[in-house]
Amino acid sequence: MEQLKHECGVAMIRLLKPLEYYREKYGSRRYGIDKLYLMMEKQHNRGQEGAGMAFVCLDAPAGEEYMFRERAEGKDAITEVFGRVTQGTAAEEASLFMGHLRYSTTGRSGLQYVHPFLRRNNWRARNLALCGNFNMTNIDEVFRYLTAQGQSPRVYGDAYITLELMGHRLDREVERLYAMAWELGLEGADITRYIDEHVDMANVLKTTMPRFDGGYVMCGLTGSGEMFCVRDPWGIRPAFYYTDDEVVVVASERPVIQTTFDLEVNDIKELQPGQSIIVNKSGRIKQSQITESTACTACSFERIYFSRGSDSDIYRERKRLGEQLTPDIIKAIDGDTANTVFSYIPNTAETAFYGMTDGIRKIYPQVRTEKVVWKDIKLRTFISDSAERNDLAAHVYDITYGSLTPYKDNLVIIDDSIVRGTTLKESIFKILDRLHPKKIVMVSSSPQIRYPDYYGIDMSHLEELCAFRAAMALIRERGMEQLVTDVYNACKEQPQVNHVRKIYAPFSVEEINRKIVEMLRPENMHTPIELVFQSIEGLRQACPHHTGDWYFTGNYPTPGGIRMVNQAFIDYIEHSS
């Protein structure tokens, strides 16, 4: 219901054969650009605020453009970008393609923040186009490093600063090769050709990426024909790739590659934590370990919500998340399945709904399911008055009247996650109350979200999280203010330890659930409400290979995440006092 903006989407293609090969085999001069378009459209879910692409023509003569970029904002950005590109013929002569879909996690908007970012130079090898799915937690530190080197970045943002740092290291790589070419007795254009043919992006990445703390998949193209993708050492952000003798392909999600190129699931590999895949100008493919990986903490929210459910593994995991909630749901309705209607909201929770009802049917074969809630209209953001906005928000969803028996049937609704609770309070609970159910059981296929994310999801403030607000309310009710003071002081004195976890320690999940219900229940609503959340153990059983659960447990995989959650608590206390 509360759509989380997060992460971005990336797509890359490198054609390994001469361009005439694709024209003869596939009957099109636009094989590469058409495939990139499909890959980006199939990842549209990952970014609807903007889109951009870059491509490189390897054989363009001096005096003609060889590195192109197009960007646009808005939900129709992909169509706009490709519409512009396909009006010309340059993309038909390109061998390297890179696309990006943007969701802002910083609140910054404008075309200047849409990827790819471009660094220009008259030397082909020094031209760099960069895009990524990332959020860095130590950008202040990297900025200080750059300025200490004498640089003066034009924009203070992780994407621009990453571009400048990597560009700086690319310059050093070019200078290294220039010196080698000179020692070999080469001169003029022969030196340039030597550089273009010997650039080693692994050198550039190994002197760039270890400086960053955060979750990232970084992708890039150089004007001389290098293509690369590198994943963070904790494996937080996802990346998949496929290679054969025709293409090298990279994307944020596996089914995107599988469908676009008509492949079997086992044909596609996952880029491992800290690893890069690099294709040089001649088409040689190389994998390098860029940063040392000690443990993989891949984002569990990718499995719960963000990635498309058409991935075979994700589909099974989401069903399992729903099924594992069966005992708690049966307890919440006192085993009365004969007088209970099961449903889901939003559409992304449909797979967990199938798992939930499968689990119920194993005990009670007769299960009643209905489409109870519908997404009706979009909120008109031009309305600024808060009262008007809240009234309109109550009508964003609609219900199926007559879908249950008033005052007799329970209603069980499953969602992917409950984050802020705003939509529940302002809309969902109000409209469900019109059906007059005996009881509403609101189910979350993920555990309580207790901590902000700093690796790419747009929840960076503690006070936005309904679980945190509930815990703070319980602390005040029980006269435990000294705990807040102690945590505040500890956050200042020991920023390398997550002290915010102590805020939740005195309370059970059920106590926090009851307080959340109390806080989110609309005025004049009389239907009883009960919350059922996934357990941490259930999450780990359903998604055993994606152990990144810091939003639920506070176990941040990087020092930057721990430092930032402590700072978030400090900011909360200082701004609320």
# chains A, B, ... in the order shown; residues from 1 in each chain; ligands from 1

call {"tool": "select_by_dssp", "arguments": {"residues": "segment 173-297 of chain A", "states": "helix (DSSP H, G or I)", "output": "PyMOL selection string"}}
result
chain A and resi 173-183+189-198+201-206+209-211+254-260+265-267

call {"tool": "residues_around", "arguments": {"residues": "Asp453 of chain A", "least_positions_apart": "3", "cutoff": "10 Å", "atoms": "only C-alpha atoms", "output": "count of residues only"}}
result
20

call {"tool": "closest_residue", "arguments": {"among": "A:Tyr22, A:Ala129, A:Glu537, A:Val396", "to": "Glu70 of chain A", "atoms": "only C-alpha atoms"}}
result
A:Ala129

call {"tool": "atom_distance", "arguments": {"atom1": "atom CA of Arg154 of chain A", "atom2": "atom CA of Met227 of chain A"}}
result
25.3 Å

call {"tool": "residues_around", "arguments": {"residues": "segment 49-56 of chain A", "least_positions_apart": "2", "cutoff": "8 Å", "atoms": "only C-alpha atoms", "output": "ChimeraX atom specification"}}
result
/A:47,58,66-75,77-78,81,91,94-104,114-116,129,221-223,225

call {"tool": "write_last_selection", "arguments": {"atoms": "N, CA and C atoms", "output": "JSON list (two decimals), in the first residue's frame"}}
result
[["chain", "number", "residue", "atom", "x", "y", "z"],
["A", 47, "GLY", "N", 12.15, 2.14, -11.29],
["A", 47, "GLY", "CA", 12.41, 3.57, -11.37],
["A", 47, "GLY", "C", 11.45, 4.28, -12.27],
["A", 58, "LEU", "N", 32.35, 2.27, -31.58],
["A", 58, "LEU", "CA", 33.77, 1.97, -31.53],
["A", 58, "LEU", "C", 34.54, 2.46, -32.75],
["A", 66, "TYR", "N", 31.28, 9.89, -30.74],
["A", 66, "TYR", "CA", 31.33, 8.44, -30.54],
["A", 66, "TYR", "C", 30.71, 8.00, -29.21],
["A", 67, "MET", "N", 30.45, 8.94, -28.32],
["A", 67, "MET", "CA", 29.84, 8.61, -27.02],
["A", 67, "MET", "C", 28.60, 9.46, -26.83],
["A", 68, "PHE", "N", 27.45, 8.80, -26.73],
["A", 68, "PHE", "CA", 26.16, 9.49, -26.71],
["A", 68, "PHE", "C", 25.45, 9.26, -25.39],
["A", 69, "ARG", "N", 24.65, 10.24, -25.01],
["A", 69, "ARG", "CA", 23.83, 10.11, -23.81],
["A", 69, "ARG", "C", 22.50, 10.81, -24.01],
["A", 70, "GLU", "N", 21.43, 10.19, -23.51],
["A", 70, "GLU", "CA", 20.10, 10.80, -23.50],
["A", 70, "GLU", "C", 19.47, 10.56, -22.13],
["A", 71, "ARG", "N", 18.77, 11.56, -21.60],
["A", 71, "ARG", "CA", 18.10, 11.43, -20.31],
["A", 71, "ARG", "C", 16.74, 12.13, -20.35],
["A", 72, "ALA", "N", 15.85, 11.68, -19.48],
["A", 72, "ALA", "CA", 14.53, 12.32, -19.37],
["A", 72, "ALA", "C", 13.97, 12.06, -17.99],
["A", 73, "GLU", "N", 13.03, 12.91, -17.59],
["A", 73, "GLU", "CA", 12.36, 12.75, -16.30],
["A", 73, "GLU", "C", 10.93, 12.26, -16.50],
["A", 74, "GLY", "N", 10.36, 11.71, -15.44],
["A", 74, "GLY", "CA", 8.95, 11.35, -15.45],
["A", 74, "GLY", "C", 8.71, 9.89, -15.78],
["A", 75, "LYS", "N", 7.46, 9.46, -15.58],
["A", 75, "LYS", "CA", 7.10, 8.06, -15.75],
["A", 75, "LYS", "C", 7.20, 7.59, -17.20],
["A", 77, "ALA", "N", 9.68, 8.45, -19.18],
["A", 77, "ALA", "CA", 11.05, 8.82, -19.58],
["A", 77, "ALA", "C", 11.66, 7.81, -20.54],
["A", 78, "ILE", "N", 11.38, 6.52, -20.35],
["A", 78, "ILE", "CA", 11.96, 5.51, -21.24],
["A", 78, "ILE", "C", 11.51, 5.75, -22.68],
["A", 81, "VAL", "N", 13.24, 8.91, -24.08],
["A", 81, "VAL", "CA", 14.66, 8.72, -24.37],
["A", 81, "VAL", "C", 14.85, 7.92, -25.65],
["A", 91, "ALA", "N", 22.81, 5.08, -32.98],
["A", 91, "ALA", "CA", 22.70, 3.87, -32.16],
["A", 91, "ALA", "C", 22.86, 2.60, -33.00],
["A", 94, "ALA", "N", 26.47, 1.50, -32.86],
["A", 94, "ALA", "CA", 27.06, 1.31, -31.53],
["A", 94, "ALA", "C", 27.19, -0.16, -31.17],
["A", 95, "SER", "N", 28.17, -0.44, -30.32],
["A", 95, "SER", "CA", 28.40, -1.80, -29.83],
["A", 95, "SER", "C", 28.24, -1.91, -28.31],
["A", 96, "LEU", "N", 28.24, -0.78, -27.60],
["A", 96, "LEU", "CA", 28.11, -0.76, -26.15],
["A", 96, "LEU", "C", 26.90, 0.07, -25.77],
["A", 97, "PHE", "N", 26.04, -0.48, -24.91],
["A", 97, "PHE", "CA", 24.82, 0.20, -24.51],
["A", 97, "PHE", "C", 24.65, 0.10, -22.99],
["A", 98, "MET", "N", 24.16, 1.17, -22.39],
["A", 98, "MET", "CA", 23.92, 1.18, -20.94],
["A", 98, "MET", "C", 22.67, 1.98, -20.64],
["A", 99, "GLY", "N", 21.77, 1.42, -19.83],
["A", 99, "GLY", "CA", 20.54, 2.11, -19.47],
["A", 99, "GLY", "C", 20.36, 2.17, -17.97],
["A", 100, "HIS", "N", 19.58, 3.14, -17.52],
["A", 100, "HIS", "CA", 19.35, 3.34, -16.09],
["A", 100, "HIS", "C", 17.94, 3.83, -15.83],
["A", 101, "LEU", "N", 17.34, 3.33, -14.76],
["A", 101, "LEU", "CA", 16.03, 3.78, -14.30],
["A", 101, "LEU", "C", 16.19, 4.33, -12.90],
["A", 102, "ARG", "N", 15.62, 5.48, -12.65],
["A", 102, "ARG", "CA", 15.92, 6.19, -11.40],
["A", 102, "ARG", "C", 14.73, 6.28, -10.46],
["A", 103, "TYR", "N", 15.01, 5.98, -9.20],
["A", 103, "TYR", "CA", 14.15, 6.35, -8.08],
["A", 103, "TYR", "C", 15.03, 7.13, -7.12],
["A", 104, "SER", "N", 14.67, 8.33, -6.78],
["A", 104, "SER", "CA", 15.48, 9.14, -5.88],
["A", 104, "SER", "C", 15.30, 8.68, -4.44],
["A", 114, "VAL", "N", 19.62, 12.71, -13.04],
["A", 114, "VAL", "CA", 19.26, 11.49, -13.76],
["A", 114, "VAL", "C", 20.52, 10.87, -14.36],
["A", 115, "HIS", "N", 20.71, 9.58, -14.14],
["A", 115, "HIS", "CA", 21.85, 8.85, -14.69],
["A", 115, "HIS", "C", 21.60, 8.57, -16.18],
["A", 116, "PRO", "N", 22.65, 8.26, -16.95],
["A", 116, "PRO", "CA", 24.07, 8.19, -16.60],
["A", 116, "PRO", "C", 24.68, 9.59, -16.48],
["A", 129, "ALA", "N", 31.13, 7.29, -18.87],
["A", 129, "ALA", "CA", 29.69, 7.36, -18.56],
["A", 129, "ALA", "C", 29.43, 6.40, -17.42],
["A", 221, "LEU", "N", 30.76, 2.85, -18.97],
["A", 221, "LEU", "CA", 31.33, 2.72, -20.30],
["A", 221, "LEU", "C", 32.42, 3.77, -20.45],
["A", 222, "THR", "N", 33.47, 3.43, -21.18],
["A", 222, "THR", "CA", 34.48, 4.43, -21.53],
["A", 222, "THR", "C", 34.41, 4.69, -23.04],
["A", 223, "GLY", "N", 34.94, 5.84, -23.44],
["A", 223, "GLY", "CA", 34.93, 6.17, -24.85],
["A", 223, "GLY", "C", 35.79, 5.26, -25.69],
["A", 225, "GLY", "N", 35.91, 2.02, -25.29],
["A", 225, "GLY", "CA", 35.24, 0.74, -25.50],
["A", 225, "GLY", "C", 35.25, -0.22, -24.34]]

call {"tool": "residues_around", "arguments": {"residues": "Asn122 of chain A", "least_positions_apart": "6", "cutoff": "12 Å", "atoms": "only C-alpha atoms", "output": "ChimeraX atom specification"}}
result
/A:62-67,128,192,223-224

call {"tool": "closest_atom_pairs", "arguments": {"of": "segment 90-198 of chain A", "to": "segment 275-289 of chain A", "cutoff": "12 Å", "atoms": "only C-alpha atoms", "output": "CSV"}}
result
residue,atom,partner,partner_atom,distance
A:Ser95,CA,A:Lys281,CA,9.9
A:Leu96,CA,A:Lys281,CA,9.8
A:Arg124,CA,A:Lys281,CA,11.5
A:Ala125,CA,A:Lys281,CA,10.2
A:Arg193,CA,A:Lys281,CA,10.9
A:Tyr194,CA,A:Lys281,CA,11.4
A:Ile195,CA,A:Lys281,CA,10.7
A:Asp196,CA,A:Lys281,CA,7.4
A:Glu197,CA,A:Lys281,CA,6.3
A:His198,CA,A:Asn280,CA,8.3

call {"tool": "write_last_selection", "arguments": {"atoms": "N, CA, C and O atoms", "output": "PDB file, in the first residue's frame"}}
result
ATOM      1  N   SER A  95      28.171  -0.444 -30.322  1.00  0.00           N
ATOM      2  CA  SER A  95      28.398  -1.801 -29.826  1.00  0.00           C
ATOM      3  C   SER A  95      28.237  -1.908 -28.311  1.00  0.00           C
ATOM      4  O   SER A  95      28.128  -3.005 -27.775  1.00  0.00           O
ATOM      5  N   LEU A  96      28.242  -0.784 -27.605  1.00  0.00           N
ATOM      6  CA  LEU A  96      28.109  -0.764 -26.145  1.00  0.00           C
ATOM      7  C   LEU A  96      26.897   0.072 -25.774  1.00  0.00           C
ATOM      8  O   LEU A  96      26.757   1.213 -26.247  1.00  0.00           O
ATOM      9  N   ARG A 124      39.737   9.482 -26.030  1.00  0.00           N
ATOM     10  CA  ARG A 124      38.616   8.532 -25.919  1.00  0.00           C
ATOM     11  C   ARG A 124      38.633   7.800 -24.577  1.00  0.00           C
ATOM     12  O   ARG A 124      37.596   7.632 -23.929  1.00  0.00           O
ATOM     13  N   ALA A 125      39.811   7.333 -24.169  1.00  0.00           N
ATOM     14  CA  ALA A 125      39.903   6.499 -22.978  1.00  0.00           C
ATOM     15  C   ALA A 125      39.553   7.257 -21.705  1.00  0.00           C
ATOM     16  O   ALA A 125      39.273   6.639 -20.675  1.00  0.00           O
ATOM     17  N   ARG A 193      46.362   4.703 -29.709  1.00  0.00           N
ATOM     18  CA  ARG A 193      45.858   3.356 -29.982  1.00  0.00           C
ATOM     19  C   ARG A 193      46.327   2.367 -28.916  1.00  0.00           C
ATOM     20  O   ARG A 193      45.561   1.498 -28.494  1.00  0.00           O
ATOM     21  N   TYR A 194      47.561   2.507 -28.483  1.00  0.00           N
ATOM     22  CA  TYR A 194      48.091   1.629 -27.437  1.00  0.00           C
ATOM     23  C   TYR A 194      47.274   1.783 -26.144  1.00  0.00           C
ATOM     24  O   TYR A 194      46.896   0.791 -25.509  1.00  0.00           O
ATOM     25  N   ILE A 195      46.986   3.037 -25.788  1.00  0.00           N
ATOM     26  CA  ILE A 195      46.196   3.279 -24.571  1.00  0.00           C
ATOM     27  C   ILE A 195      44.801   2.673 -24.698  1.00  0.00           C
ATOM     28  O   ILE A 195      44.327   1.956 -23.804  1.00  0.00           O
ATOM     29  N   ASP A 196      44.140   2.958 -25.825  1.00  0.00           N
ATOM     30  CA  ASP A 196      42.773   2.465 -26.021  1.00  0.00           C
ATOM     31  C   ASP A 196      42.692   0.949 -25.931  1.00  0.00           C
ATOM     32  O   ASP A 196      41.700   0.390 -25.436  1.00  0.00           O
ATOM     33  N   GLU A 197      43.730   0.273 -26.400  1.00  0.00           N
ATOM     34  CA  GLU A 197      43.713  -1.188 -26.445  1.00  0.00           C
ATOM     35  C   GLU A 197      44.175  -1.844 -25.147  1.00  0.00           C
ATOM     36  O   GLU A 197      44.019  -3.055 -24.986  1.00  0.00           O
ATOM     37  N   HIS A 198      44.738  -1.065 -24.205  1.00  0.00           N
ATOM     38  CA  HIS A 198      45.309  -1.667 -23.010  1.00  0.00           C
ATOM     39  C   HIS A 198      44.728  -1.138 -21.696  1.00  0.00           C
ATOM     40  O   HIS A 198      45.196  -1.515 -20.625  1.00  0.00           O
TER      41      HIS A 198
END

call {"tool": "select_by_dssp", "arguments": {"residues": "segment 200-443 of chain A", "states": "strand (DSSP E)", "output": "ChimeraX atom specification"}}
result
/A:214-222,227-231,240-243,247-251,269-270,275-279,285-289,340-344,368-369,373-375,397-399,410-415,439-443

call {"tool": "closest_residue", "arguments": {"among": "A:Ala490, A:Ile345, A:Val199, A:Val443", "to": "Ile428 of chain A", "atoms": "only C-alpha atoms"}}
result
A:Ile345

call {"tool": "residues_around", "arguments": {"residues": "Asp158 of chain A", "least_positions_apart": "3", "cutoff": "10 Å", "atoms": "only C-alpha atoms", "output": "list in words"}}
result
Phe134, Asn135, Met136, Thr137, Asn138, Ile139, Asp140, Val142, Phe143, Val155, Ile161, Thr162, Leu163, Glu164 and Phe212 of chain A

call {"tool": "write_last_selection", "arguments": {"atoms": "C-alpha atoms", "output": "mmCIF file, in the first residue's frame"}}
result
data_model
loop_
_atom_site.group_PDB
_atom_site.id
_atom_site.type_symbol
_atom_site.label_atom_id
_atom_site.label_comp_id
_atom_site.auth_asym_id
_atom_site.auth_seq_id
_atom_site.Cartn_x
_atom_site.Cartn_y
_atom_site.Cartn_z
ATOM 1 C CA PHE A 134 23.529 2.661 -5.080
ATOM 2 C CA ASN A 135 23.535 4.771 -1.957
ATOM 3 C CA MET A 136 26.827 5.622 -0.256
ATOM 4 C CA THR A 137 26.980 6.209 3.487
ATOM 5 C CA ASN A 138 30.421 7.847 3.647
ATOM 6 C CA ILE A 139 30.195 10.426 0.896
ATOM 7 C CA ASP A 140 31.509 13.144 3.254
ATOM 8 C CA VAL A 142 35.170 10.649 -0.068
ATOM 9 C CA PHE A 143 34.433 14.319 -0.729
ATOM 10 C CA VAL A 155 27.896 18.968 -7.263
ATOM 11 C CA ILE A 161 31.528 12.366 -6.486
ATOM 12 C CA THR A 162 31.787 8.726 -7.545
ATOM 13 C CA LEU A 163 32.145 9.880 -11.161
ATOM 14 C CA GLU A 164 34.910 12.323 -10.234
ATOM 15 C CA PHE A 212 33.096 3.596 -0.481
#

call {"tool": "atom_distance", "arguments": {"atom1": "atom CA of Pro238 of chain A", "atom2": "atom CA of Ser252 of chain A"}}
result
5.7 Å
